[in-house]
Structure formats: C-alpha cells, structure tokens
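Shown next: entry09.cif, given as mmCIF, C-alpha atoms.
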```
data_target
#
loop_
_atom_site.label_atom_id
_atom_site.label_comp_id
_atom_site.auth_asym_id
_atom_site.auth_seq_id
_atom_site.Cartn_x
_atom_site.Cartn_y
_atom_site.Cartn_z
CA MET A 1 20.67 113.10 33.27
CA ILE A 2 22.62 110.85 30.92
CA ASP A 3 23.97 112.69 27.89
CA ASN A 4 25.87 111.49 24.85
CA ASN A 5 25.77 107.80 25.75
CA ARG A 6 28.92 106.07 24.60
CA ILE A 7 27.45 102.72 25.60
CA GLU A 8 23.91 102.41 24.29
CA ARG A 9 22.78 99.21 26.00
CA ILE A 10 23.84 96.65 28.57
CA LEU A 11 21.80 93.50 29.12
CA PHE A 12 22.16 90.35 31.22
CA TRP A 13 21.30 87.04 29.54
CA PHE A 14 20.85 83.65 31.21
CA LYS A 15 20.90 80.08 29.94
CA ASP A 16 20.75 76.79 31.84
CA GLY A 17 21.70 73.86 29.67
CA ASP A 18 19.83 74.37 26.42
CA VAL A 19 17.06 76.43 28.07
CA SER A 20 17.17 80.21 27.68
CA LEU A 21 15.85 81.78 30.89
CA ASN A 22 14.21 84.68 29.09
CA GLU A 23 12.23 85.82 32.13
CA LEU A 24 15.43 86.84 33.95
CA THR A 25 16.61 89.38 31.35
CA PRO A 26 13.67 91.79 31.89
CA LYS A 27 13.71 91.07 35.63
CA TYR A 28 17.22 92.53 35.84
CA PHE A 29 16.70 95.13 33.11
CA GLY A 30 16.67 97.93 35.69
CA LEU A 31 19.95 96.77 37.21
CA ALA A 32 21.58 96.52 33.78
CA THR A 33 20.27 99.99 32.89
CA LEU A 34 21.67 101.37 36.15
CA LEU A 35 25.06 99.90 35.28
CA LYS A 36 24.93 101.46 31.82
CA ASN A 37 23.90 104.87 33.14
CA LEU A 38 26.62 104.95 35.79
CA ILE A 39 29.31 103.82 33.37
CA ASN A 40 28.27 106.51 30.91
CA LEU A 41 28.86 109.17 33.57
CA ARG A 42 32.59 108.47 33.22
CA TYR A 43 33.10 106.55 30.01
CA THR A 44 34.86 108.44 27.18
CA GLY A 45 36.12 105.54 25.12
CA LYS A 46 35.03 104.13 21.80
CA LYS A 47 31.30 103.87 21.27
CA ILE A 48 29.73 100.48 22.03
CA LYS A 49 26.19 99.88 20.82
CA PHE A 50 25.49 96.59 22.60
CA VAL A 51 27.07 94.98 25.67
CA ASN A 52 25.68 91.50 26.32
CA LEU A 53 26.78 89.75 29.50
CA LYS A 54 25.78 86.11 29.07
CA PHE A 55 25.65 83.86 32.12
CA SER A 56 25.24 80.15 31.47
CA SER A 57 25.47 76.93 33.44
CA GLN A 58 28.35 74.51 33.03
CA ARG A 59 25.93 72.23 31.18
CA THR A 60 25.41 74.91 28.52
CA PHE A 61 29.10 74.97 27.66
CA GLU A 62 29.11 71.18 27.48
CA LEU A 63 26.20 71.25 25.03
CA TYR A 64 27.68 74.07 22.96
CA PRO A 65 31.44 73.44 22.83
CA GLY A 66 31.88 76.15 20.20
CA VAL A 67 31.56 78.78 22.94
CA THR A 68 34.27 78.77 25.59
CA GLU A 69 33.93 79.81 29.22
CA ASN A 70 34.91 83.36 30.16
CA HIS A 71 35.23 84.27 26.50
CA VAL A 72 35.25 87.93 25.40
CA HIS A 73 33.95 88.70 21.94
CA TYR A 74 34.17 92.20 20.44
CA TYR A 75 33.73 93.57 16.98
CA SER A 76 33.54 97.20 15.93
CA ARG A 77 31.08 96.88 13.06
CA GLN A 78 27.51 98.18 13.36
CA GLY A 79 28.41 100.56 16.16
CA GLY A 80 30.40 98.15 18.30
CA HIS A 81 29.31 94.89 19.95
CA LEU A 82 30.82 93.44 23.12
CA ALA A 83 29.83 90.09 24.64
CA PHE A 84 31.08 88.01 27.55
CA TYR A 85 30.28 84.34 28.11
CA GLY A 86 30.46 83.46 31.81
CA VAL A 87 29.59 80.48 34.01
CA LEU A 88 26.76 80.69 36.55
CA ASN A 89 25.80 78.02 39.05
CA PHE A 90 22.02 78.33 39.00
CA HIS A 91 21.56 76.00 41.98
CA ASP A 92 23.53 78.41 44.17
CA PHE A 93 22.05 81.49 42.51
CA ASN A 94 18.45 80.36 43.03
CA ALA A 95 19.14 79.71 46.71
CA LEU A 96 19.83 83.42 47.25
CA ASN A 97 17.18 85.94 48.28
CA GLU A 98 16.40 88.85 45.94
CA ASP A 99 18.81 91.30 47.58
CA GLU A 100 21.59 88.72 47.49
CA LYS A 101 20.92 88.02 43.81
CA THR A 102 21.20 91.74 43.04
CA HIS A 103 24.50 92.00 44.91
CA PHE A 104 25.80 88.86 43.23
CA LEU A 105 24.98 90.08 39.72
CA TRP A 106 26.50 93.49 40.47
CA GLU A 107 29.72 91.83 41.60
CA GLU A 108 29.75 89.54 38.58
CA ALA A 109 29.04 92.36 36.14
CA HIS A 110 31.94 94.36 37.57
CA ARG A 111 34.25 91.36 37.39
CA VAL A 112 33.44 90.39 33.82
CA LEU A 113 33.44 93.96 32.48
CA SER A 114 36.92 94.38 33.98
CA ILE A 115 37.96 91.31 32.01
CA CYS A 116 36.35 92.75 28.88
CA ALA A 117 38.05 96.12 29.34
CA LYS A 118 41.49 94.53 29.74
CA SER A 119 40.93 92.12 26.87
CA THR A 120 39.98 94.95 24.50
CA LYS A 121 42.58 97.37 25.93
CA ASN A 122 39.82 99.84 26.83
CA ASP A 123 41.22 101.81 29.78
CA SER A 124 38.23 104.16 29.89
CA LEU A 125 35.84 101.23 30.31
CA LEU A 126 38.01 99.82 33.09
CA GLU A 127 37.91 103.09 35.03
CA ALA A 128 34.22 103.77 34.37
CA ASN A 129 33.33 100.22 35.41
CA ASP A 130 35.10 100.69 38.76
CA PHE A 131 33.28 104.00 39.27
CA ALA A 132 29.90 102.43 38.44
CA TYR A 133 30.54 99.53 40.79
CA ARG A 134 31.25 101.81 43.75
CA ARG A 135 28.44 104.24 42.95
CA GLY A 136 25.85 101.49 42.60
CA ILE A 137 26.65 100.17 46.05
CA GLU A 138 26.65 103.68 47.55
CA THR A 139 23.14 104.31 46.21
CA ASN A 140 21.88 100.86 47.25
CA PHE A 141 21.25 100.00 43.59
CA ASN A 142 18.64 102.72 43.07
CA THR A 143 17.57 102.09 39.48
CA ASP A 144 15.32 105.17 39.13
CA TYR A 145 16.90 107.93 37.08
CA GLN A 146 16.41 111.25 35.37
CA LEU A 147 16.05 110.61 31.66
CA MET A 148 15.82 114.21 30.49
CA GLU A 149 15.90 117.72 31.90
CA ARG A 150 15.84 121.30 30.68
CA GLU A 151 15.42 124.77 32.10
CA ILE A 152 12.15 126.44 31.18
CA VAL A 153 10.40 129.75 31.94
CA LEU A 154 6.72 129.80 32.97
CA TYR A 155 4.94 132.98 34.06
CA GLY A 156 8.31 134.70 34.40
CA CYS A 157 9.73 131.97 36.69
CA THR A 158 12.67 129.76 35.80
CA LEU A 159 12.02 126.09 36.54
CA LYS A 160 13.67 122.74 35.93
CA ALA A 161 11.51 120.41 33.85
CA SER A 162 12.41 116.71 33.93
CA ILE A 163 11.30 113.28 32.85
CA TRP A 164 12.05 110.47 35.30
CA ILE A 165 12.04 106.71 34.88
CA GLN A 166 11.08 104.57 37.86
CA PHE A 167 11.52 100.80 37.93
CA LYS A 168 8.95 98.64 39.72
CA ASN A 169 8.88 94.90 40.31
CA ASP A 170 6.32 94.51 37.54
CA GLY A 171 7.17 97.31 35.12
CA MET A 172 8.52 100.80 34.45
CA GLU A 173 6.85 104.20 34.87
CA ALA A 174 7.66 107.62 33.46
CA TYR A 175 6.91 110.88 35.31
CA PHE A 176 7.17 114.56 34.44
CA THR A 177 8.25 116.96 37.18
CA LEU A 178 8.76 120.68 37.70
CA GLU A 179 11.22 121.90 40.33
CA ASP A 180 11.96 125.35 41.70
CA HIS A 181 15.40 125.57 43.34
CA GLY A 182 15.28 121.90 44.28
CA LYS A 183 11.68 122.00 45.55
CA LEU A 184 9.18 119.77 43.76
CA ARG A 185 6.29 121.88 42.48
CA PHE A 186 4.53 119.53 40.08
CA LYS A 187 4.55 115.80 39.25
CA LYS A 188 2.53 113.96 36.63
CA PHE A 189 2.43 110.34 35.56
CA ILE A 190 3.13 109.99 31.82
CA ASP A 191 3.09 106.32 30.88
CA ASP A 192 4.18 102.83 31.88
CA ALA A 193 5.63 99.80 30.16
CA ALA A 194 6.75 96.25 30.79
CA LEU A 195 10.23 95.61 32.16
CA GLY A 196 12.69 95.24 29.32
CA ALA A 197 10.78 97.44 26.86
CA GLU A 198 13.79 99.39 25.59
CA PHE A 199 11.68 101.65 23.37
CA PHE A 200 10.13 103.14 26.51
CA LEU A 201 13.52 104.62 27.47
CA GLU A 202 14.08 106.02 23.99
CA MET A 203 10.70 107.44 22.96
CA PHE A 204 10.94 110.79 24.77
CA LYS A 205 12.74 113.40 22.66
CA ALA A 206 12.08 116.93 23.96
CA ILE A 207 10.35 119.16 26.49
CA ILE A 208 9.13 122.49 25.12
CA VAL A 209 6.90 125.32 26.33
CA GLU A 210 3.98 126.75 24.39
CA GLY A 211 2.43 129.60 26.39
CA ASP A 212 1.26 128.07 29.69
CA THR A 213 1.49 124.54 28.34
CA ILE A 214 4.32 122.01 28.59
CA VAL A 215 4.65 119.79 25.53
CA ILE A 216 6.49 116.49 25.82
CA LYS A 217 7.51 115.36 22.36
CA GLY A 218 8.75 112.00 21.23
CA SER A 219 8.58 109.20 18.74
CA TRP A 220 5.61 109.37 16.40
CA ASP A 221 4.58 105.79 17.23
CA ALA A 222 4.35 106.43 20.99
CA ASP A 223 0.59 106.61 21.63
CA VAL A 224 0.81 109.08 24.54
CA LEU A 225 3.03 111.56 22.70
CA PRO A 226 2.99 114.41 22.17
CA MET A 227 1.59 115.09 25.65
CA TYR A 228 0.22 118.54 26.53
CA ILE A 229 0.28 119.61 30.19
CA SER A 230 -1.38 122.90 31.11
CA ILE A 231 0.20 124.51 34.18
CA ASP A 232 -1.92 126.80 36.35
CA ARG A 233 -0.43 130.23 37.12
CA ASP A 234 -1.11 129.85 40.87
CA LEU A 235 0.93 126.65 40.97
CA ILE A 236 4.00 128.58 39.89
CA LEU A 237 3.44 131.87 41.69
CA GLN A 238 2.50 130.42 45.09
CA PRO A 239 5.78 129.02 46.54
CA GLN A 240 4.20 126.42 48.86
CA THR A 241 1.93 124.87 46.25
CA ASN A 242 2.62 121.29 45.21
CA MET A 243 0.53 119.32 42.76
CA THR A 244 0.62 115.72 41.62
CA LEU A 245 -1.51 114.31 38.84
#
```

Could the structure of this file be written out as structure tokens, please?
Amino acid sequence: MIDNNRIERILFWFKDGDVSLNELTPKYFGLATLLKNLINLRYTGKKIKFVNLKFSSQRTFELYPGVTENHVHYYSRQGGHLAFYGVLNFHDFNALNEDEKTHFLWEEAHRVLSICAKSTKNDSLLEANDFAYRRGIETNFNTDYQLMEREIVLYGCTLKASIWIQFKNDGMEAYFTLEDHGKLRFKKFIDDAALGAEFFLEMFKAIIVEGDTIVIKGSWDADVLPMYISIDRDLILQPQTNMTL
C-alpha cells in the first residue's frame, strides 16, 4: 500500500519530430506508475506533484531549439513540477521487442531521474530512485499493486480488506479482496478503465463495514461507487472457503 505520496505522478512522454506519440504515454502508464509507487516507498524529500520525463527524437530538438537536450526543469509552484527533456532514437527503440522496450525505458528513467535529483540537489530522490530501479528489476516489472488496505472485523473475525489495481495490455482493473492470515478468502471485480485514466487510481477513498456488508466509498462522480458487497457468514467461518465474483 502506498501512503502519503510525496510524488503524485510520473509520466513518460514521447515526440518524434513535430509529432507527439500520444499512444505511447498510456501504453507505458503502468510502468510509470510502478516507478512512482516504488520511489514513494523510500522518498521523504520535498513534495513533487508532477514528474514528466519527455523523450524526443533529435529532429524534435532541431525543430524546437528553445528546448535543449538533457535539460532539467523544476519549479516549486503549484505543488512542484519536475521535467526532463531527453533524446530517444525511435528507429532503434522500435526495433526492440516489448520486453526490451520495457527494460530500456526502465534504464532510461533511472538514468534521467538521477540527473534530475543531482541537478535539484534532492538526495532523497537520488536514493529512492536507486531503490526503485533495483526493486523493479527484482519483481520483473510487476505493475499490479495494492491501492488501499485496512483491517476489518466481520462475524467476529479479523480480516484484511484491500483494493488492488491490475494492469492489462488493453486497460486497468480494480479488485476487492478479503484475506485471513495471508489466505485469500474473497475476491470481487470492481471496475475497469482505459490505460492512462489517472482518475481510476484516485477515485477509491475508503473501505468501511456496515453489519455484514462491505462498503467501498469514493468520488461522487465514480458511477460504481459507493459499492455494497454483502459477505456470507459461511464464507468467513469456514476456513477453506474461497469465493470470487
């Protein structure tokens, strides 16, 4: 679970010449979110609202001479904004397979964030970036994560209630789970959204219990919320029972 995010968002942006490759930003939204989540496990520095890592071809810098290669831009207003303008050879990048592209972007993100951290004298970001880099490789870039958790009591039993986000090739899905001492007892699909839909990761606000019912609360403009999930007594009191909806 990611608490007290000091960095609210990291995104990758791509531009080849004067063409913005907008389809690549959502494609790598899960990878950028993984990077943000891992960094926030260690980061204790100044709050940064937006981190935009912008990768452009050499032609882009020729067309827009006002932006220099490998330039770091930071300003503290409006919660803190950090941007990096890097060079990407799209001919070489497009020749890679999907796994190689993921590895390449992970390496590049680590490299440029190290530059950003040193440029802005942010030692905490430097350390957290190194941690995130190692951890991402160790987990084979598993982008799925636990968005929220809390301990609840149902029928006299203490359980862990969680909301999970899973990234797919064509979208994102949210699931609610109940666990008893690490054993999955209940799993329910909540909702899905397109890759890059940031609101989807922000709309869930709380998990509460009302009698035998779990209530997932969230933003008023989220159509599926609040969601009410009735939990059968036998599901909780019979240790071997597992249920997925």

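Take the candidates A:Ile48, A:Ala174, A:Ala222, A:Ile137 and check each one against Leu82 (chain A) using only C-alpha atoms; the shortest distance goes to A:Ile48.
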
Taking the file as shown, find all residues satisfying the PyMOL selection byres ((chain A and resi 154-164) around 10) and write them as a count of residues only.
49

Ground truth for the PyMOL selection byres ((chain A and resi 86-92) around 9), written as number ranges by chain
A: 14-16, 53-58, 60-61, 68-71, 84-85, 93-96, 112

Which residue is closest to Ala193 (chain A)? Choose from A:Arg59, A:Arg111, A:Lys205, A:Pro26 and count all atoms listed in the file.
A:Pro26

Kindly give the distance, in Å, that separates CA of Ser230 (chain A) and CA of Met172 (chain A), rounded to a single decimal.
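Answer for the CA of Ser230 (chain A) to CA of Met172 (chain A) separation: 24.4 Å.
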
Expressed in Å to a single decimal, how great is the separation between CA of Thr102 (chain A) and CA of Arg9 (chain A)?
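Pair CA of Thr102 (chain A) / CA of Arg9 (chain A) returns 18.7 Å.
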
Residues selected by the PyMOL selection byres ((chain A and resi 23) around 12), written as a PyMOL selection string:
chain A and resi 12-15+19-22+24-29+170+194-196

Between CA of Asn129 (chain A) and CA of Ser76 (chain A), distance in Å (one decimal):
19.7 Å

Identify, on the basis of only C-alpha atoms, every residue whose closest approach to Ser124 (chain A) does not exceed 10 Å; exclude the query and any residue fewer than 2 positions from it along the same chain; express the result as a ChimeraX atom specification.
/A:39,42-46,117,121-122,126-129

Can I get region 177-204 of chain A with N, CA and C atoms filled in, as a short mmCIF file (atom, residue, chain, number, x, y, z; two decimals), in the coordinates of the input?
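Final file, result-v3.cif:
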```cif
data_model
loop_
_atom_site.label_atom_id
_atom_site.label_comp_id
_atom_site.auth_asym_id
_atom_site.auth_seq_id
_atom_site.Cartn_x
_atom_site.Cartn_y
_atom_site.Cartn_z
N THR A 177 8.20 116.13 35.98
CA THR A 177 8.25 116.96 37.18
C THR A 177 8.70 118.38 36.85
N LEU A 178 8.27 119.31 37.70
CA LEU A 178 8.76 120.68 37.70
C LEU A 178 9.35 120.97 39.07
N GLU A 179 10.56 121.55 39.08
CA GLU A 179 11.22 121.90 40.33
C GLU A 179 11.61 123.37 40.33
N ASP A 180 11.55 123.96 41.50
CA ASP A 180 11.96 125.35 41.70
C ASP A 180 13.01 125.37 42.79
N HIS A 181 14.28 125.56 42.39
CA HIS A 181 15.40 125.57 43.34
C HIS A 181 15.40 124.31 44.22
N GLY A 182 15.22 123.16 43.58
CA GLY A 182 15.28 121.90 44.28
C GLY A 182 13.98 121.47 44.94
N LYS A 183 12.97 122.33 44.93
CA LYS A 183 11.68 122.00 45.55
C LYS A 183 10.71 121.51 44.47
N LEU A 184 10.13 120.33 44.71
CA LEU A 184 9.18 119.77 43.76
C LEU A 184 7.90 120.60 43.76
N ARG A 185 7.52 121.08 42.59
CA ARG A 185 6.29 121.88 42.48
C ARG A 185 5.18 121.16 41.75
N PHE A 186 5.54 120.19 40.91
CA PHE A 186 4.53 119.53 40.08
C PHE A 186 5.06 118.16 39.66
N LYS A 187 4.19 117.15 39.69
CA LYS A 187 4.55 115.80 39.25
C LYS A 187 3.36 115.17 38.55
N LYS A 188 3.61 114.58 37.40
CA LYS A 188 2.53 113.96 36.63
C LYS A 188 3.00 112.64 36.03
N PHE A 189 2.18 111.62 36.19
CA PHE A 189 2.43 110.34 35.56
C PHE A 189 2.27 110.48 34.05
N ILE A 190 3.20 109.90 33.29
CA ILE A 190 3.13 109.99 31.82
C ILE A 190 2.66 108.67 31.21
N ASP A 191 3.39 107.59 31.53
CA ASP A 191 3.09 106.32 30.88
C ASP A 191 3.82 105.21 31.62
N ASP A 192 3.46 103.97 31.32
CA ASP A 192 4.18 102.83 31.88
C ASP A 192 4.42 101.80 30.80
N ALA A 193 5.28 100.83 31.13
CA ALA A 193 5.63 99.80 30.16
C ALA A 193 6.15 98.59 30.91
N ALA A 194 6.23 97.48 30.20
CA ALA A 194 6.75 96.25 30.79
C ALA A 194 8.26 96.37 30.97
N LEU A 195 8.78 95.67 31.97
CA LEU A 195 10.23 95.61 32.16
C LEU A 195 10.89 95.05 30.90
N GLY A 196 11.97 95.70 30.50
CA GLY A 196 12.69 95.24 29.32
C GLY A 196 12.27 95.91 28.03
N ALA A 197 11.23 96.74 28.07
CA ALA A 197 10.78 97.44 26.86
C ALA A 197 11.72 98.62 26.59
N GLU A 198 12.75 98.38 25.81
CA GLU A 198 13.79 99.39 25.59
C GLU A 198 13.25 100.65 24.91
N PHE A 199 12.25 100.50 24.07
CA PHE A 199 11.68 101.65 23.37
C PHE A 199 11.17 102.68 24.36
N PHE A 200 10.68 102.24 25.50
CA PHE A 200 10.13 103.14 26.51
C PHE A 200 11.17 104.14 26.99
N LEU A 201 12.44 103.74 27.02
CA LEU A 201 13.52 104.62 27.47
C LEU A 201 14.05 105.50 26.36
N GLU A 202 13.57 105.27 25.15
CA GLU A 202 14.08 106.02 23.99
C GLU A 202 13.03 106.90 23.33
N MET A 203 11.77 106.78 23.74
CA MET A 203 10.70 107.44 22.96
C MET A 203 10.55 108.92 23.27
N PHE A 204 11.06 109.38 24.41
CA PHE A 204 10.94 110.79 24.77
C PHE A 204 12.08 111.58 24.13
#
```
